[in-house]
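With CSV, C-alpha atoms inside, this is work_20.csv:
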```csv
chain,number,residue,atom,x,y,z
A,14,MET,CA,-13.2,21.2,-13.0
A,15,SER,CA,-10.6,20.8,-10.3
A,16,ILE,CA,-10.3,17.5,-8.5
A,17,ASP,CA,-11.3,18.9,-5.1
A,18,ILE,CA,-14.5,20.5,-6.5
A,19,ASN,CA,-15.3,17.4,-8.5
A,20,LEU,CA,-15.0,15.1,-5.5
A,21,SER,CA,-17.0,17.5,-3.3
A,22,SER,CA,-19.8,17.6,-5.9
A,23,ILE,CA,-19.9,13.8,-6.2
A,24,ARG,CA,-19.9,13.3,-2.4
A,25,GLN,CA,-22.7,15.8,-2.1
A,26,GLU,CA,-24.7,13.9,-4.7
A,27,ILE,CA,-24.1,10.6,-3.0
A,28,SER,CA,-25.2,12.0,0.3
A,29,GLN,CA,-28.4,13.4,-1.2
A,30,LEU,CA,-29.2,10.0,-2.9
A,31,GLU,CA,-28.5,8.2,0.4
A,32,THR,CA,-31.1,10.4,2.1
A,33,GLU,CA,-33.6,10.2,-0.8
A,34,HIS,CA,-33.5,6.4,-0.8
A,35,GLN,CA,-33.4,5.9,3.0
A,36,ARG,CA,-29.9,4.6,3.0
A,37,ASP,CA,-27.7,4.9,6.1
A,38,VAL,CA,-25.4,8.0,5.9
A,39,GLY,CA,-22.0,6.9,4.6
A,40,SER,CA,-23.3,3.5,3.4
A,41,VAL,CA,-22.2,4.3,-0.2
A,42,SER,CA,-18.4,4.3,-0.8
A,43,LEU,CA,-16.8,6.0,-3.8
A,44,ILE,CA,-14.1,4.2,-5.7
A,45,ALA,CA,-12.2,6.7,-7.8
A,46,VAL,CA,-11.2,5.0,-11.1
A,47,SER,CA,-7.7,6.2,-11.5
A,48,LYS,CA,-6.5,4.3,-14.6
A,49,LYS,CA,-4.6,6.5,-17.0
A,50,LYS,CA,-4.5,9.2,-14.4
A,51,PRO,CA,-1.1,10.6,-13.3
A,52,VAL,CA,0.2,10.1,-9.8
A,53,ALA,CA,-0.1,13.8,-9.1
A,54,ASP,CA,-3.9,13.7,-9.7
A,55,ILE,CA,-4.2,10.7,-7.4
A,56,GLN,CA,-2.2,12.5,-4.7
A,57,SER,CA,-4.5,15.5,-5.1
A,58,ALA,CA,-7.5,13.2,-4.6
A,59,ILE,CA,-5.9,11.7,-1.5
A,60,ARG,CA,-5.3,15.1,0.0
A,61,CYS,CA,-9.1,15.6,-0.5
A,62,GLY,CA,-9.8,12.5,1.6
A,63,GLN,CA,-10.3,10.0,-1.2
A,64,GLN,CA,-9.0,6.5,0.0
A,65,HIS,CA,-10.3,4.0,-2.6
A,66,PHE,CA,-8.9,3.8,-6.1
A,67,GLY,CA,-9.8,1.4,-8.9
A,68,GLU,CA,-7.3,0.3,-11.6
A,69,ASN,CA,-7.4,-2.2,-14.4
A,70,TYR,CA,-4.1,-1.7,-16.2
A,71,LEU,CA,-1.8,-3.9,-14.0
A,72,GLN,CA,1.7,-2.6,-14.6
A,73,GLU,CA,0.5,1.0,-14.6
A,74,ALA,CA,-1.3,0.3,-11.3
A,75,ILE,CA,1.7,-1.3,-9.6
A,76,ASP,CA,3.9,1.6,-10.6
A,77,LYS,CA,1.4,4.0,-8.9
A,78,ILE,CA,1.0,1.8,-5.8
A,79,ARG,CA,4.8,1.7,-5.3
A,80,THR,CA,5.2,5.4,-5.9
A,81,ILE,CA,2.4,6.5,-3.7
A,82,ASN,CA,3.2,3.9,-1.0
A,83,ASN,CA,0.5,5.0,1.4
A,84,PRO,CA,-0.8,2.4,3.9
A,85,ASP,CA,-4.1,4.4,4.3
A,86,ILE,CA,-5.1,3.9,0.6
A,87,PHE,CA,-7.1,0.9,-0.7
A,88,TRP,CA,-6.4,-0.4,-4.2
A,89,HIS,CA,-9.2,-2.1,-6.1
A,90,PHE,CA,-8.5,-4.2,-9.2
A,91,ILE,CA,-11.5,-3.7,-11.5
A,92,GLY,CA,-10.5,-5.3,-14.8
A,93,PRO,CA,-10.6,-8.8,-16.3
A,94,ILE,CA,-7.9,-11.1,-14.8
A,95,GLN,CA,-5.5,-13.2,-16.9
A,96,SER,CA,-3.9,-16.2,-15.2
A,97,ASN,CA,-0.4,-14.8,-15.6
A,98,LYS,CA,-1.3,-11.7,-13.7
A,99,THR,CA,-2.8,-13.2,-10.5
A,100,THR,CA,0.4,-13.2,-8.5
A,101,ALA,CA,1.0,-9.4,-9.0
A,102,ILE,CA,-2.6,-8.7,-8.3
A,103,ALA,CA,-2.5,-10.8,-5.1
A,104,GLU,CA,0.6,-9.0,-3.9
A,105,HIS,CA,-0.5,-5.4,-4.5
A,106,PHE,CA,-4.2,-5.0,-4.2
A,107,HIS,CA,-6.7,-4.9,-1.3
A,108,TRP,CA,-9.8,-5.8,-3.4
A,109,VAL,CA,-10.6,-7.6,-6.6
A,110,HIS,CA,-14.1,-7.0,-8.2
A,111,THR,CA,-14.0,-9.3,-11.1
A,112,ILE,CA,-14.0,-12.9,-9.9
A,113,ASP,CA,-15.9,-15.2,-12.2
A,114,ARG,CA,-13.6,-18.3,-12.4
A,115,ILE,CA,-12.6,-20.6,-9.6
A,116,LYS,CA,-9.2,-21.2,-11.3
A,117,ILE,CA,-8.4,-17.4,-10.9
A,118,ALA,CA,-9.6,-17.4,-7.3
A,119,LYS,CA,-7.4,-20.4,-6.5
A,120,ARG,CA,-4.4,-18.7,-8.0
A,121,LEU,CA,-5.0,-15.4,-6.1
A,122,ASN,CA,-5.4,-17.4,-2.9
A,123,GLU,CA,-2.1,-19.3,-3.5
A,124,ALA,CA,-0.3,-16.1,-4.3
A,125,ARG,CA,-1.6,-13.9,-1.5
A,126,PRO,CA,1.4,-13.1,0.8
A,127,VAL,CA,1.0,-14.4,4.4
A,128,ASP,CA,1.9,-11.0,5.8
A,129,LEU,CA,-1.0,-9.3,4.2
A,130,ASP,CA,-4.7,-9.3,5.3
A,131,ASN,CA,-7.1,-11.5,3.2
A,132,LEU,CA,-7.8,-10.3,-0.3
A,133,ASN,CA,-11.4,-8.9,-0.5
A,134,VAL,CA,-13.2,-10.3,-3.5
A,135,CYS,CA,-16.4,-9.6,-5.3
A,136,ILE,CA,-18.0,-12.1,-7.7
A,137,GLN,CA,-18.9,-10.7,-11.1
A,138,ILE,CA,-22.5,-11.5,-12.0
A,139,ASN,CA,-23.8,-11.2,-15.6
A,140,ILE,CA,-27.1,-9.9,-14.3
A,141,SER,CA,-28.4,-8.9,-17.8
A,142,GLY,CA,-27.4,-12.2,-19.5
A,143,GLU,CA,-25.3,-10.4,-22.2
A,144,ASP,CA,-23.1,-12.6,-24.3
A,145,SER,CA,-20.6,-9.7,-24.5
A,146,LYS,CA,-20.1,-9.5,-20.7
A,147,SER,CA,-18.1,-11.6,-18.3
A,148,GLY,CA,-19.5,-12.9,-15.1
A,149,ILE,CA,-21.5,-15.9,-13.9
A,150,HIS,CA,-25.2,-16.4,-14.2
A,151,PRO,CA,-27.1,-15.6,-11.0
A,152,ALA,CA,-28.3,-19.2,-10.7
A,153,GLN,CA,-24.6,-20.3,-10.4
A,154,ALA,CA,-23.7,-17.9,-7.6
A,155,GLU,CA,-24.6,-20.1,-4.7
A,156,ALA,CA,-22.4,-23.0,-5.8
A,157,PHE,CA,-19.7,-20.6,-6.8
A,158,ILE,CA,-19.6,-19.0,-3.4
A,159,LYS,CA,-19.4,-22.3,-1.6
A,160,ASP,CA,-16.3,-23.1,-3.6
A,161,LEU,CA,-14.8,-19.6,-2.9
A,162,THR,CA,-15.3,-19.9,0.8
A,163,LYS,CA,-12.8,-22.7,0.9
A,164,PHE,CA,-9.9,-20.3,0.1
A,165,GLU,CA,-8.4,-19.2,3.4
A,166,LYS,CA,-6.7,-16.0,2.1
A,167,LEU,CA,-9.8,-14.7,0.3
A,168,THR,CA,-12.7,-12.9,2.0
A,169,VAL,CA,-15.9,-13.0,-0.1
A,170,ARG,CA,-17.2,-9.4,0.3
A,171,GLY,CA,-19.9,-9.2,-2.3
A,172,LEU,CA,-21.2,-9.0,-5.9
A,173,MET,CA,-20.3,-6.8,-8.9
A,174,THR,CA,-22.2,-6.3,-12.1
A,175,LEU,CA,-22.1,-4.2,-15.2
A,176,PRO,CA,-25.8,-4.3,-16.3
A,177,ALA,CA,-27.0,-3.5,-19.8
A,178,PRO,CA,-27.5,0.2,-20.4
A,179,ALA,CA,-31.0,1.5,-20.3
A,180,GLU,CA,-32.6,4.9,-20.7
A,181,GLU,CA,-35.6,4.5,-18.4
A,182,TYR,CA,-35.0,4.8,-14.7
A,183,ALA,CA,-37.1,1.7,-13.9
A,184,LYS,CA,-35.1,-0.4,-16.4
A,185,GLN,CA,-31.8,1.0,-14.8
A,186,LEU,CA,-33.1,0.1,-11.4
A,187,ALA,CA,-34.2,-3.4,-12.1
A,188,PRO,CA,-30.8,-5.2,-12.3
A,189,PHE,CA,-29.6,-3.5,-9.2
A,190,THR,CA,-32.7,-4.5,-7.3
A,191,ALA,CA,-32.1,-8.1,-8.5
A,192,MET,CA,-28.5,-7.9,-7.3
A,193,GLN,CA,-29.6,-6.7,-3.9
A,194,GLY,CA,-32.0,-9.6,-3.6
A,195,LEU,CA,-29.2,-12.0,-4.7
A,196,LEU,CA,-26.8,-10.5,-2.1
A,197,SER,CA,-29.4,-11.0,0.7
A,198,GLN,CA,-30.0,-14.6,-0.3
A,199,LEU,CA,-26.3,-15.4,-0.4
A,200,LYS,CA,-25.3,-13.9,2.9
A,201,SER,CA,-26.4,-17.1,4.6
A,202,ILE,CA,-23.5,-18.9,2.8
A,203,ALA,CA,-20.9,-16.1,3.2
A,204,PRO,CA,-21.8,-13.8,6.1
A,205,THR,CA,-18.9,-11.5,5.2
A,206,MET,CA,-20.8,-10.4,2.1
A,207,ASP,CA,-21.7,-6.7,2.5
A,208,THR,CA,-20.9,-5.1,-0.8
A,209,LEU,CA,-22.6,-4.4,-4.1
A,210,SER,CA,-20.2,-3.0,-6.7
```

Encoding of this model in structure tokens:
Amino acid sequence: MSIDINLSSIRQEISQLETEHQRDVGSVSLIAVSKKKPVADIQSAIRCGQQHFGENYLQEAIDKIRTINNPDIFWHFIGPIQSNKTTAIAEHFHWVHTIDRIKIAKRLNEARPVDLDNLNVCIQINISGEDSKSGIHPAQAEAFIKDLTKFEKLTVRGLMTLPAPAEEYAKQLAPFTAMQGLLSQLKSIAPTMDTLS
């Protein structure tokens, strides 16, 4: 399936689901995961109006960001973060979705260039309590966010999770409902929080 047809189909499905679940039109944003995809494919998606791209292989992503060099595109880092990669992430990305250690947040804050807007960050929550998954426990989120809000070059935008797979719809929905409740609860600490990833 071609990129334009695929994107059109996904956008139509998102629009239908927004209506079905009484969501505001346009309230769901699509991040195209472009890791391992060639620049030509990303450029095709951009021509179709796609603006948000997710990457988790750092050097590959930096090469793409520099080659594409488009100020209208937003780059999201969606992978685990090693300490030695924080400077490059802070210098090249608009969003980071996998914050679960204050040490990493501190390094990102210190490395964020002064001429760039704040780095948007999402806190990774281990909503299903899986030992194999990264992320903080929901009960730790309030204290974690209070620490995060001290960093002047980071803007706390929301929460991210990778819940345990489930076949039944009710079991698929439950962790996301819990995340929505947690986000609502935490907005009093960080009013900039508006995103579930």

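Restricting the calculation to all atoms listed in the file, the smallest distance between A:Ala177 and any of A:Ile140, A:Ile55, A:Leu43, A:Ile112 is found for A:Ile140.
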
Neighbour residues at most 6 Å from (-17.9, -8.1, -4.9) (all atoms listed in the file) as an MDAnalysis selection string: chainID A and resid 110 134:136 170:173 208 210

Write the residues of the selection above to a file with C-alpha atoms, as an mmCIF file, in the coordinates of the input.
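out-v7.cif was written with the following content:
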```
data_model
loop_
_atom_site.group_PDB
_atom_site.id
_atom_site.type_symbol
_atom_site.label_atom_id
_atom_site.label_comp_id
_atom_site.auth_asym_id
_atom_site.auth_seq_id
_atom_site.Cartn_x
_atom_site.Cartn_y
_atom_site.Cartn_z
ATOM 1 C CA HIS A 110 -14.100 -7.000 -8.200
ATOM 2 C CA VAL A 134 -13.200 -10.300 -3.500
ATOM 3 C CA CYS A 135 -16.400 -9.600 -5.300
ATOM 4 C CA ILE A 136 -18.000 -12.100 -7.700
ATOM 5 C CA ARG A 170 -17.200 -9.400 0.300
ATOM 6 C CA GLY A 171 -19.900 -9.200 -2.300
ATOM 7 C CA LEU A 172 -21.200 -9.000 -5.900
ATOM 8 C CA MET A 173 -20.300 -6.800 -8.900
ATOM 9 C CA THR A 208 -20.900 -5.100 -0.800
ATOM 10 C CA SER A 210 -20.200 -3.000 -6.700
#
```

One-decimal distance in Å that lies between atom CA of A:Pro84 and atom CA of A:Glu68: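 One can read the atom CA of A:Glu68 to atom CA of A:Pro84 distance as 16.9 Å.
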
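What separates atom CA of A:Ser15 from atom CA of A:Gln29 is a distance of 21.3 Å.
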
Shell of 9 Å around A:Lys166, all atoms listed in the file, local chain residues under 4 positions omitted, as number ranges by chain: A: 121-123, 125-127, 130-133

Contacts of A:Phe157 within 9 Å, all atoms listed in the file, excl. fewer than 2 positions in-chain, as a list in words: Asp113, Arg114, Ile115, Ile136, Ile149, Gln153, Ala154, Glu155, Lys159, Asp160, Leu161 and Thr162 of chain A

Residues near A:Lys146, cut-off 12 Å, all atoms listed in the file, skip fewer than 2 positions along chain, as an MDAnalysis selection string: chainID A and resid 93 111 113 137:144 148:150 174:177

Contacts of A:Ile86 within 12 Å, only C-alpha atoms, excl. fewer than 4 positions in-chain, as a list of chain:residue names: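 Listing them by chain and then by number gives A:Ile44, A:Ala45, A:Ile55, A:Gln56, A:Ala58, A:Ile59, A:Arg60, A:Gly62, A:Gln63, A:Gln64, A:His65, A:Phe66, A:Gly67, A:Lys77, A:Ile78, A:Arg79, A:Ile81, A:Asn82, A:His105, A:Phe106, A:His107, A:Trp108.
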
A:Lys98 surroundings by all atoms listed in the file, 10 Å radius, close-in-sequence under 4 positions cut, as an MDAnalysis selection string: chainID A and resid 71:72 94 102:103 117 120:121

Top pick for closest residue to A:Asp76, considering A:Pro51, A:Pro204, A:Gly194, A:Gly92 and counting all atoms listed in the file: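 Nearest to A:Asp76: A:Pro51.
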
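With only C-alpha atoms as the atoms that count, the residue of A:Gln25, A:Thr99, A:Ser201, A:Pro151 with the shortest distance to A:Pro188 is A:Pro151.
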
One-decimal distance in Å that lies between atom CA of A:Asn69 and atom CA of A:Ser96: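 We find that atom CA of A:Ser96 and atom CA of A:Asn69 lie 14.5 Å from each other.
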